[in-house]
Structure formats: C-alpha cells, structure tokens
Amino acid sequence: MSTKPEIHSTAVVEDGARVAAGVRIGPFCHVGAEVALDAGVELVSHVVVAGRTIIGARTRIFPFASIGHQPQDLKYKGEPSTLTIGSDCRIREGVTINPGTEGGGMETIVGDRCTFLANSHVGHDCRIGSDVICSNNVMLAGHLTVGDYAGIGGGAAVIQFTRVGAHSYLGGMSGLENDLIPYGMAFGNRAHLSGLNIVGLQRRGFSREDIHSLRRAYRLLFADEGTLVERTEDVEKEFKDHPIVAEIVAFIRARGKRGLCVPHAET
C-alpha cells in the first residue's frame with residue numbers, strides 16, 4: 001500500500017482533514033475539515049464526508065453517499081456531535097449516515113465489517129454493532145441499537161428507540177416497532193416474531209446442540225402458559241449454563257423503550 005494518499009485533482013479536501021496513508025479519494029469527492037480517514041479508506045467518487053466523522057481503516061464508500069451531515073432531527077441545534085464508522089465496512093451508493101444529537105448521547109457509532117447497500121439510512125444516535133448487513137433501502141430511525149451479525153432485508157423500516165438483537169434477521173419490507181430478540185426472525189407490516197434465524201446460525205457455524213437449545217428456549221419463552229416474566233425465569237433456570245440462551249434472557253430483562261416483538265397470537 002502506498003504511504004501517500006491518492007487524491008484526485010477534482011476532489012476537495014478541506015484544510016484540517018486527517019487523511020492517513022494509503023487513502024484513495026476519487027473524482028468529485030468532498031472531505032470536510034474535521035473528518036478523519038484511517039489507512040486504506042477509499043472514497044470511490046462523488047462521496048461527501050462531513051462533520052466530526054471518523055472512518056475506519058479500509059472502509060470503502062461508493063458514489064453519492066452522504067456521511068456525517070447534519071442529523072435529520074428538528075431538535076438539532078448545531079451541537080458538536082460525532083459519527084464513528086469502523087474498519088472494513090462497505091457503504092454503497094446513496095447511503096446516508098448521520099451523527100448524534102444532544103438528546104441521544106452526541107454520537108452515532110457503526111462497528112467493523114458492516115455492509116450498507118444502496119440508499120439505506122442510519123439515523124442519528126444509532127449504535128450499530130459489527131458484521132451487520134443492511135440491504136437496499138433499509139431505514140433505521142434514530143436512537144436504535146443493532147447487535148452484531150444482525151441482518152435487515154431490503155426496504156425494511158425500524159422505528160426509533162428499537163433494539164435489534166445480535167444474530168437476528170428482519171425480513172424485507174417489514175416494519176419493526178418492537179424489540180427483536182437476539183437470534184430471532186421477524187417479518188411483516190408491523191413485524192411479528194416468526195421463529196429463529198436458523199439459516200444465519202447455520203451459516204455462522206453454530207452447532208446443532210446450540211440450535212436445538214435455542215429452539216427449546218424459544219418455545220418455552222413464547223408458550224401460552226404463564227406470563228413472560230415467569231417463562232423467562234423458567235428458561236433462565238433450565239439454561240443457566242448456556243451462554244447463548246442467556247443473551248436472550250438478558251435482552252428481555254433489559255427492557256428498552258419499546259415493547260417486545262412477539263409471535264402472532266393464535267386465532
């Protein structure tokens with residue numbers, strides 16, 4: 001890798017921007033004065049990176065992405081909030097990612113190895129884990145928490161303050177307004193839980209024993225008998241030595257600002 005950044009003659013890099021070794025900035029890009037681009041970052045062309053934004057090493061950003069511009073929040077008053085994006089991310093055409101606000105902790109954070117396909121949006125004050133995949137036109141409202149390895153299908157929308165658990169999957173064109181448990185799978189306009197993300201678990205090498213335990217825990221958690229609190233206690237006791245099930249129990253007990261995404265009631 002070259003030790004000197006490659007900056008196209010038509011690109012604008014404002015004074016003060018920190019551009020590390022091996023960065024490539026293509027035609028008609030604009031990099032703001034308070035931006036930091038770590039080693040090996042590539043802005044393909046027509047990319048704008050603004051605000052107090054840090055882009056991690058080897059992240060690649062495609063044309064017409066808008067990264068770090070003012071949050072789409074009418075309460076924003078110009079406070080010096082930040083956006084941090086991790087290493088080895090892929091940010092495709094037309095993606096928008098906004099920094100934080102005073103009302104949400106002043107920062108938006110995206111982990112490593114995330115993929116955002118064309119025209120997806122990450123709102124202000126989101127906390128996105130690592131290895132997350134958002135397909136085309138995904139809409140993530142402000143103040144979301146998305147766990148590691150979560151997958152979100154094309155055109156899906158997630159309402160503000162919702163939690164999306166690690167290793168979960170939200171189907172395309174779904175509208176999620178309640179918290180989706182780790183390893184869960186949800187679909188629908190006003191999405192309901194539809195089982196576990198078995199395909200994702202298999203692809204990531206989870207053992208048959210782990211998947212069997214998750215299936216049993218899921219059936220117990222969402223059975224008809226008792227309350228959710230009671231069922232959660234029963235699952236915690238039965239699977240006290242199972243760390244994967246413990247993640248789900250901890251997620252339920254943490255209680256976010258939204259309710260819990262549950263299966264459709266039997267009719």
# chains A, B, ... in the order shown; residues from 1 in each chain; ligands from 1
call {"tool": "residues_around", "arguments": {"residues": "segment 233-249 of chain A", "least_positions_apart": "6", "cutoff": "10 Å", "atoms": "only C-alpha atoms", "output": "ChimeraX atom specification"}}
result
/A:165-166,180-184,210-211,213-221,227
call {"tool": "select_by_dssp", "arguments": {"residues": "segment 112-238 of chain A", "states": "strand (DSSP E or B)", "output": "compact mmCIF listing (two decimals) with N, CA and C atoms, in the first residue's frame"}}
result
# COMPACT_ATOMS: atom_id res chain seq x y z
N THR A 115 -22.06 -3.80 6.28
CA THR A 115 -22.41 -3.57 4.88
C THR A 115 -23.73 -2.82 4.82
N PHE A 116 -23.72 -1.70 4.12
CA PHE A 116 -24.94 -0.92 3.90
C PHE A 116 -25.14 -0.82 2.39
N HIS A 121 -30.27 3.95 5.15
CA HIS A 121 -30.11 5.13 6.01
C HIS A 121 -29.90 4.71 7.45
N VAL A 122 -28.91 5.33 8.10
CA VAL A 122 -28.68 5.15 9.54
C VAL A 122 -28.90 6.49 10.21
N ARG A 127 -26.55 2.95 17.50
CA ARG A 127 -25.39 2.13 17.91
C ARG A 127 -25.47 0.83 17.11
N ILE A 128 -24.67 0.73 16.09
CA ILE A 128 -24.70 -0.43 15.19
C ILE A 128 -23.49 -1.30 15.51
N ILE A 133 -25.56 -6.36 8.35
CA ILE A 133 -25.86 -6.18 6.92
C ILE A 133 -27.22 -5.52 6.78
N CYS A 134 -27.25 -4.38 6.11
CA CYS A 134 -28.50 -3.69 5.77
C CYS A 134 -28.64 -3.70 4.25
N MET A 139 -34.29 1.49 6.30
CA MET A 139 -34.45 2.76 7.01
C MET A 139 -34.34 2.53 8.51
N LEU A 140 -33.23 2.98 9.09
CA LEU A 140 -33.01 2.86 10.53
C LEU A 140 -33.21 4.24 11.15
N THR A 145 -30.45 0.48 18.58
CA THR A 145 -29.32 -0.39 18.90
C THR A 145 -29.47 -1.64 18.05
N VAL A 146 -28.44 -1.96 17.27
CA VAL A 146 -28.45 -3.14 16.41
C VAL A 146 -27.25 -3.99 16.79
N GLY A 151 -29.11 -8.99 10.46
CA GLY A 151 -29.37 -8.77 9.05
C GLY A 151 -30.73 -8.14 8.86
N ILE A 152 -30.81 -7.14 7.99
CA ILE A 152 -32.07 -6.42 7.77
C ILE A 152 -32.33 -6.40 6.27
N ALA A 157 -38.09 -1.06 7.63
CA ALA A 157 -38.02 0.16 8.42
C ALA A 157 -38.06 -0.21 9.90
N VAL A 158 -37.22 0.46 10.69
CA VAL A 158 -37.16 0.22 12.12
C VAL A 158 -37.40 1.54 12.83
N ARG A 163 -34.63 -1.89 19.71
CA ARG A 163 -33.43 -2.72 19.80
C ARG A 163 -33.57 -3.92 18.86
N VAL A 164 -32.52 -4.16 18.08
CA VAL A 164 -32.47 -5.31 17.19
C VAL A 164 -31.34 -6.20 17.70
N TYR A 169 -32.69 -11.51 12.33
CA TYR A 169 -32.98 -11.17 10.94
C TYR A 169 -34.36 -10.55 10.85
N LEU A 170 -34.42 -9.38 10.21
CA LEU A 170 -35.69 -8.70 9.92
C LEU A 170 -35.94 -8.78 8.43
N GLY A 175 -41.92 -3.68 8.87
CA GLY A 175 -41.89 -2.50 9.72
C GLY A 175 -41.76 -2.94 11.17
N LEU A 176 -40.61 -2.70 11.78
CA LEU A 176 -40.36 -3.16 13.15
C LEU A 176 -40.56 -2.02 14.12
N ASP A 179 -38.90 -4.47 20.04
CA ASP A 179 -37.57 -5.05 20.13
C ASP A 179 -37.55 -6.49 19.62
N LEU A 180 -36.56 -6.78 18.79
CA LEU A 180 -36.39 -8.11 18.21
C LEU A 180 -35.30 -8.85 18.97
N GLY A 184 -33.49 -14.05 16.80
CA GLY A 184 -34.87 -14.13 16.33
C GLY A 184 -35.01 -13.70 14.88
N MET A 185 -36.20 -13.99 14.33
CA MET A 185 -36.51 -13.62 12.95
C MET A 185 -37.92 -13.04 12.93
N ALA A 186 -38.08 -11.89 12.25
CA ALA A 186 -39.38 -11.23 12.23
C ALA A 186 -39.70 -10.78 10.81
N PHE A 187 -41.00 -10.78 10.50
CA PHE A 187 -41.49 -10.36 9.19
C PHE A 187 -42.81 -9.61 9.36
N HIS A 192 -43.96 -9.24 13.27
CA HIS A 192 -44.12 -10.17 14.37
C HIS A 192 -42.99 -11.20 14.31
N LEU A 193 -42.64 -11.71 15.47
CA LEU A 193 -41.63 -12.74 15.56
C LEU A 193 -42.12 -14.00 14.86
N SER A 194 -41.27 -14.59 14.03
CA SER A 194 -41.71 -15.76 13.27
C SER A 194 -40.81 -16.97 13.49
N GLY A 195 -39.95 -16.92 14.47
CA GLY A 195 -39.08 -18.04 14.76
C GLY A 195 -37.67 -17.57 15.01
N LEU A 196 -36.73 -18.47 14.79
CA LEU A 196 -35.31 -18.17 14.95
C LEU A 196 -34.64 -18.03 13.59
call {"tool": "residues_around", "arguments": {"residues": "Asn119 of chain A", "least_positions_apart": "4", "cutoff": "8 Å", "atoms": "only C-alpha atoms", "output": "list in words"}}
result
Arg92, Glu93, Gly94, Val95, Thr96, Asn136, Asn137 and Val138 of chain A
call {"tool": "residues_around", "arguments": {"residues": "Ile67 of chain A", "least_positions_apart": "4", "cutoff": "8 Å", "atoms": "only C-alpha atoms", "output": "number ranges by chain"}}
result
A: 48-50, 53, 95-98
call {"tool": "write_last_selection", "arguments": {"atoms": "C-alpha atoms", "output": "PDB file, in the first residue's frame"}}
result
ATOM      1  CA  VAL A  48     -19.251  13.645   0.673  1.00  0.00           C
ATOM      2  CA  VAL A  49     -17.959  13.149   4.217  1.00  0.00           C
ATOM      3  CA  ALA A  50     -18.764  15.991   6.598  1.00  0.00           C
ATOM      4  CA  THR A  53     -16.601  11.966  11.350  1.00  0.00           C
ATOM      5  CA  VAL A  95     -26.265   5.674   1.672  1.00  0.00           C
ATOM      6  CA  THR A  96     -26.835   8.318   4.365  1.00  0.00           C
ATOM      7  CA  ILE A  97     -25.395   8.039   7.890  1.00  0.00           C
ATOM      8  CA  ASN A  98     -25.965  10.858  10.390  1.00  0.00           C
TER       9      ASN A  98
END
call {"tool": "select_by_dssp", "arguments": {"residues": "segment 186-218 of chain A", "states": "alpha helix (DSSP H)", "output": "VMD selection string"}}
result
chain A and resid 198 to 203 208 to 218
call {"tool": "write_last_selection", "arguments": {"atoms": "N, CA and C atoms", "output": "PDB file, in the first residue's frame"}}
result
ATOM      1  N   ILE A 198     -32.508 -19.434  11.809  1.00  0.00           N
ATOM      2  CA  ILE A 198     -31.786 -20.703  11.690  1.00  0.00           C
ATOM      3  C   ILE A 198     -30.757 -20.663  10.571  1.00  0.00           C
ATOM      4  N   VAL A 199     -31.112 -20.109   9.423  1.00  0.00           N
ATOM      5  CA  VAL A 199     -30.174 -20.058   8.294  1.00  0.00           C
ATOM      6  C   VAL A 199     -28.930 -19.272   8.685  1.00  0.00           C
ATOM      7  N   GLY A 200     -29.125 -18.129   9.336  1.00  0.00           N
ATOM      8  CA  GLY A 200     -27.987 -17.337   9.770  1.00  0.00           C
ATOM      9  C   GLY A 200     -27.113 -18.071  10.771  1.00  0.00           C
ATOM     10  N   LEU A 201     -27.744 -18.790  11.693  1.00  0.00           N
ATOM     11  CA  LEU A 201     -26.987 -19.552  12.686  1.00  0.00           C
ATOM     12  C   LEU A 201     -26.162 -20.643  12.018  1.00  0.00           C
ATOM     13  N   GLN A 202     -26.753 -21.331  11.054  1.00  0.00           N
ATOM     14  CA  GLN A 202     -26.029 -22.393  10.353  1.00  0.00           C
ATOM     15  C   GLN A 202     -24.859 -21.825   9.548  1.00  0.00           C
ATOM     16  N   ARG A 203     -25.076 -20.700   8.894  1.00  0.00           N
ATOM     17  CA  ARG A 203     -24.009 -20.090   8.097  1.00  0.00           C
ATOM     18  C   ARG A 203     -22.833 -19.668   8.963  1.00  0.00           C
ATOM     19  N   ARG A 208     -25.263 -27.956  16.130  1.00  0.00           N
ATOM     20  CA  ARG A 208     -26.629 -28.477  16.210  1.00  0.00           C
ATOM     21  C   ARG A 208     -27.141 -28.415  17.640  1.00  0.00           C
ATOM     22  N   GLU A 209     -26.250 -28.654  18.597  1.00  0.00           N
ATOM     23  CA  GLU A 209     -26.662 -28.609  20.004  1.00  0.00           C
ATOM     24  C   GLU A 209     -27.100 -27.202  20.410  1.00  0.00           C
ATOM     25  N   ASP A 210     -26.341 -26.185  19.970  1.00  0.00           N
ATOM     26  CA  ASP A 210     -26.719 -24.804  20.278  1.00  0.00           C
ATOM     27  C   ASP A 210     -28.067 -24.457  19.653  1.00  0.00           C
ATOM     28  N   ILE A 211     -28.255 -24.832  18.400  1.00  0.00           N
ATOM     29  CA  ILE A 211     -29.513 -24.527  17.716  1.00  0.00           C
ATOM     30  C   ILE A 211     -30.673 -25.265  18.384  1.00  0.00           C
ATOM     31  N   HIS A 212     -30.468 -26.510  18.786  1.00  0.00           N
ATOM     32  CA  HIS A 212     -31.511 -27.265  19.487  1.00  0.00           C
ATOM     33  C   HIS A 212     -31.886 -26.563  20.793  1.00  0.00           C
ATOM     34  N   SER A 213     -30.883 -26.106  21.545  1.00  0.00           N
ATOM     35  CA  SER A 213     -31.163 -25.409  22.804  1.00  0.00           C
ATOM     36  C   SER A 213     -31.923 -24.115  22.568  1.00  0.00           C
ATOM     37  N   LEU A 214     -31.524 -23.372  21.531  1.00  0.00           N
ATOM     38  CA  LEU A 214     -32.231 -22.134  21.211  1.00  0.00           C
ATOM     39  C   LEU A 214     -33.689 -22.408  20.834  1.00  0.00           C
ATOM     40  N   ARG A 215     -33.915 -23.465  20.078  1.00  0.00           N
ATOM     41  CA  ARG A 215     -35.287 -23.803  19.688  1.00  0.00           C
ATOM     42  C   ARG A 215     -36.143 -24.127  20.916  1.00  0.00           C
ATOM     43  N   ARG A 216     -35.596 -24.910  21.835  1.00  0.00           N
ATOM     44  CA  ARG A 216     -36.364 -25.252  23.034  1.00  0.00           C
ATOM     45  C   ARG A 216     -36.617 -24.008  23.886  1.00  0.00           C
ATOM     46  N   ALA A 217     -35.593 -23.185  24.044  1.00  0.00           N
ATOM     47  CA  ALA A 217     -35.773 -21.959  24.826  1.00  0.00           C
ATOM     48  C   ALA A 217     -36.819 -21.048  24.189  1.00  0.00           C
ATOM     49  N   TYR A 218     -36.795 -20.954  22.872  1.00  0.00           N
ATOM     50  CA  TYR A 218     -37.781 -20.121  22.157  1.00  0.00           C
ATOM     51  C   TYR A 218     -39.199 -20.620  22.426  1.00  0.00           C
TER      52      TYR A 218
END
call {"tool": "closest_residue", "arguments": {"among": "A:Gly40, A:Pro27, A:Gly129, A:Gly78", "to": "Ala57 of chain A", "atoms": "only C-alpha atoms"}}
result
A:Gly40
call {"tool": "atom_distance", "arguments": {"atom1": "atom CA of Gly153 of chain A", "atom2": "atom CA of Ser120 of chain A"}}
result
10.6 Å
call {"tool": "residues_around", "arguments": {"residues": "segment 81-86 of chain A", "least_positions_apart": "2", "cutoff": "10 Å", "atoms": "only C-alpha atoms", "output": "number ranges by chain"}}
result
A: 35-38, 50-59, 67-71, 76, 78-79, 88-89, 97-102, 104-114, 124-130
call {"tool": "write_last_selection", "arguments": {"atoms": "N, CA and C atoms", "output": "CSV table (one decimal), in the first residue's frame"}}
result
chain,number,residue,atom,x,y,z
A,35,VAL,N,-12.9,15.9,9.4
A,35,VAL,CA,-13.0,14.4,9.1
A,35,VAL,C,-11.7,13.7,9.3
A,36,ALA,N,-11.7,12.5,9.7
A,36,ALA,CA,-10.5,11.7,9.8
A,36,ALA,C,-10.7,10.4,9.0
A,37,LEU,N,-9.9,10.1,8.0
A,37,LEU,CA,-9.9,8.9,7.2
A,37,LEU,C,-8.7,8.0,7.6
A,38,ASP,N,-9.0,6.9,8.1
A,38,ASP,CA,-7.9,6.0,8.5
A,38,ASP,C,-7.3,5.3,7.3
A,50,ALA,N,-18.7,14.7,5.9
A,50,ALA,CA,-18.8,16.0,6.6
A,50,ALA,C,-18.7,15.8,8.1
A,51,GLY,N,-18.7,16.9,8.8
A,51,GLY,CA,-18.8,16.9,10.3
A,51,GLY,C,-17.6,16.3,11.0
A,52,ARG,N,-17.9,15.9,12.2
A,52,ARG,CA,-16.8,15.3,13.1
A,52,ARG,C,-16.9,13.8,12.9
A,53,THR,N,-16.4,13.3,11.8
A,53,THR,CA,-16.6,12.0,11.3
A,53,THR,C,-15.3,11.2,11.3
A,54,ILE,N,-15.2,10.0,11.8
A,54,ILE,CA,-14.0,9.2,11.7
A,54,ILE,C,-14.4,7.9,10.9
A,55,ILE,N,-13.7,7.6,9.8
A,55,ILE,CA,-13.9,6.4,9.0
A,55,ILE,C,-12.8,5.5,9.2
A,56,GLY,N,-13.1,4.2,9.7
A,56,GLY,CA,-12.1,3.3,10.0
A,56,GLY,C,-11.3,2.7,8.8
A,57,ALA,N,-10.2,2.1,9.1
A,57,ALA,CA,-9.3,1.6,8.0
A,57,ALA,C,-10.0,0.7,7.0
A,58,ARG,N,-9.6,0.9,5.8
A,58,ARG,CA,-10.1,0.0,4.6
A,58,ARG,C,-11.6,0.1,4.3
A,59,THR,N,-12.3,0.9,5.0
A,59,THR,CA,-13.7,1.1,4.6
A,59,THR,C,-13.8,1.7,3.2
A,67,ILE,N,-22.2,11.1,4.2
A,67,ILE,CA,-21.8,10.6,5.5
A,67,ILE,C,-21.4,11.8,6.5
A,68,GLY,N,-22.1,11.8,7.6
A,68,GLY,CA,-21.7,12.8,8.6
A,68,GLY,C,-22.4,14.1,8.5
A,69,HIS,N,-23.4,14.3,7.6
A,69,HIS,CA,-24.1,15.6,7.6
A,69,HIS,C,-25.0,15.7,8.7
A,70,GLN,N,-25.5,16.9,8.9
A,70,GLN,CA,-26.4,17.3,10.0
A,70,GLN,C,-27.5,16.3,10.2
A,71,PRO,N,-27.8,15.9,11.4
A,71,PRO,CA,-28.9,14.9,11.7
A,71,PRO,C,-30.2,15.3,11.2
A,76,TYR,N,-32.2,19.3,16.5
A,76,TYR,CA,-30.7,19.5,16.4
A,76,TYR,C,-30.4,21.0,16.3
A,78,GLY,N,-27.1,22.3,16.2
A,78,GLY,CA,-25.7,22.5,15.8
A,78,GLY,C,-24.7,22.1,16.8
A,79,GLU,N,-25.1,21.3,17.8
A,79,GLU,CA,-24.2,20.8,18.8
A,79,GLU,C,-23.1,19.9,18.2
A,88,ASP,N,-13.2,-1.8,7.6
A,88,ASP,CA,-13.6,-2.8,6.6
A,88,ASP,C,-15.1,-2.8,6.4
A,89,CYS,N,-15.7,-1.6,6.4
A,89,CYS,CA,-17.1,-1.5,6.1
A,89,CYS,C,-17.3,-1.3,4.6
A,97,ILE,N,-25.7,8.4,6.5
A,97,ILE,CA,-25.4,8.0,7.9
A,97,ILE,C,-25.2,9.4,8.6
A,98,ASN,N,-26.0,9.6,9.7
A,98,ASN,CA,-26.0,10.9,10.4
A,98,ASN,C,-25.3,10.8,11.7
A,99,PRO,N,-24.7,11.9,12.2
A,99,PRO,CA,-24.1,11.9,13.5
A,99,PRO,C,-25.1,12.0,14.6
A,100,GLY,N,-24.7,12.0,15.9
A,100,GLY,CA,-25.6,12.1,17.0
A,100,GLY,C,-26.2,13.4,17.3
A,101,THR,N,-26.9,13.5,18.4
A,101,THR,CA,-27.6,14.7,18.9
A,101,THR,C,-27.4,14.8,20.4
A,102,GLU,N,-27.7,16.0,20.9
A,102,GLU,CA,-27.6,16.2,22.3
A,102,GLU,C,-28.6,15.3,23.1
A,104,GLY,N,-29.4,12.3,22.4
A,104,GLY,CA,-29.1,10.8,22.2
A,104,GLY,C,-27.7,10.4,22.6
A,105,GLY,N,-27.0,11.3,23.3
A,105,GLY,CA,-25.6,10.9,23.7
A,105,GLY,C,-24.5,11.5,22.8
A,106,MET,N,-24.9,12.3,21.8
A,106,MET,CA,-24.0,13.0,21.0
A,106,MET,C,-23.1,12.2,20.0
A,107,GLU,N,-23.5,10.9,19.8
A,107,GLU,CA,-22.6,10.2,18.9
A,107,GLU,C,-23.4,9.1,18.2
A,108,THR,N,-23.1,8.8,17.0
A,108,THR,CA,-23.6,7.6,16.2
A,108,THR,C,-22.3,6.7,16.0
A,109,ILE,N,-22.5,5.4,16.3
A,109,ILE,CA,-21.4,4.5,16.2
A,109,ILE,C,-21.8,3.3,15.3
A,110,VAL,N,-20.9,3.0,14.3
A,110,VAL,CA,-21.1,1.9,13.5
A,110,VAL,C,-19.8,1.0,13.7
A,111,GLY,N,-20.0,-0.3,13.9
A,111,GLY,CA,-18.9,-1.2,14.1
A,111,GLY,C,-18.1,-1.6,12.9
A,112,ASP,N,-17.3,-2.6,13.0
A,112,ASP,CA,-16.5,-3.1,11.9
A,112,ASP,C,-17.2,-4.0,11.0
A,113,ARG,N,-16.7,-4.1,9.7
A,113,ARG,CA,-17.2,-5.1,8.7
A,113,ARG,C,-18.7,-5.0,8.4
A,114,CYS,N,-19.3,-3.8,8.6
A,114,CYS,CA,-20.7,-3.7,8.3
A,114,CYS,C,-20.9,-3.4,6.8
A,124,HIS,N,-29.6,9.4,13.4
A,124,HIS,CA,-28.8,9.9,14.5
A,124,HIS,C,-28.8,9.1,15.7
A,125,ASP,N,-27.7,9.0,16.4
A,125,ASP,CA,-27.6,8.4,17.8
A,125,ASP,C,-27.8,6.8,17.7
A,126,CYS,N,-27.6,6.2,16.6
A,126,CYS,CA,-27.7,4.8,16.5
A,126,CYS,C,-26.4,4.2,17.0
A,127,ARG,N,-26.5,2.9,17.5
A,127,ARG,CA,-25.4,2.1,17.9
A,127,ARG,C,-25.5,0.8,17.1
A,128,ILE,N,-24.7,0.7,16.1
A,128,ILE,CA,-24.7,-0.4,15.2
A,128,ILE,C,-23.5,-1.3,15.5
A,129,GLY,N,-23.7,-2.6,15.8
A,129,GLY,CA,-22.6,-3.5,16.1
A,129,GLY,C,-21.8,-3.8,14.9
A,130,SER,N,-21.0,-4.8,15.0
A,130,SER,CA,-20.1,-5.3,13.9
A,130,SER,C,-20.8,-6.4,13.0
call {"tool": "atom_distance", "arguments": {"atom1": "atom CA of Ser9 of chain A", "atom2": "atom CA of Ile91 of chain A"}}
result
23.0 Å
call {"tool": "atom_distance", "arguments": {"atom1": "atom CA of Gly103 of chain A", "atom2": "atom CA of Lys75 of chain A"}}
result
8.4 Å
call {"tool": "residues_around", "arguments": {"residues": "Ala11 of chain A", "least_positions_apart": "4", "cutoff": "8 Å", "atoms": "only C-alpha atoms", "output": "list of chain:residue names"}}
result
A:Ile7, A:Ile25, A:Gly26, A:Pro27, A:Phe28, A:Cys29, A:His30
call {"tool": "closest_residue", "arguments": {"among": "A:Ala150, A:Ile159, A:Val229, A:Ala250", "to": "Arg204 of chain A", "atoms": "only C-alpha atoms"}}
result
A:Ala150
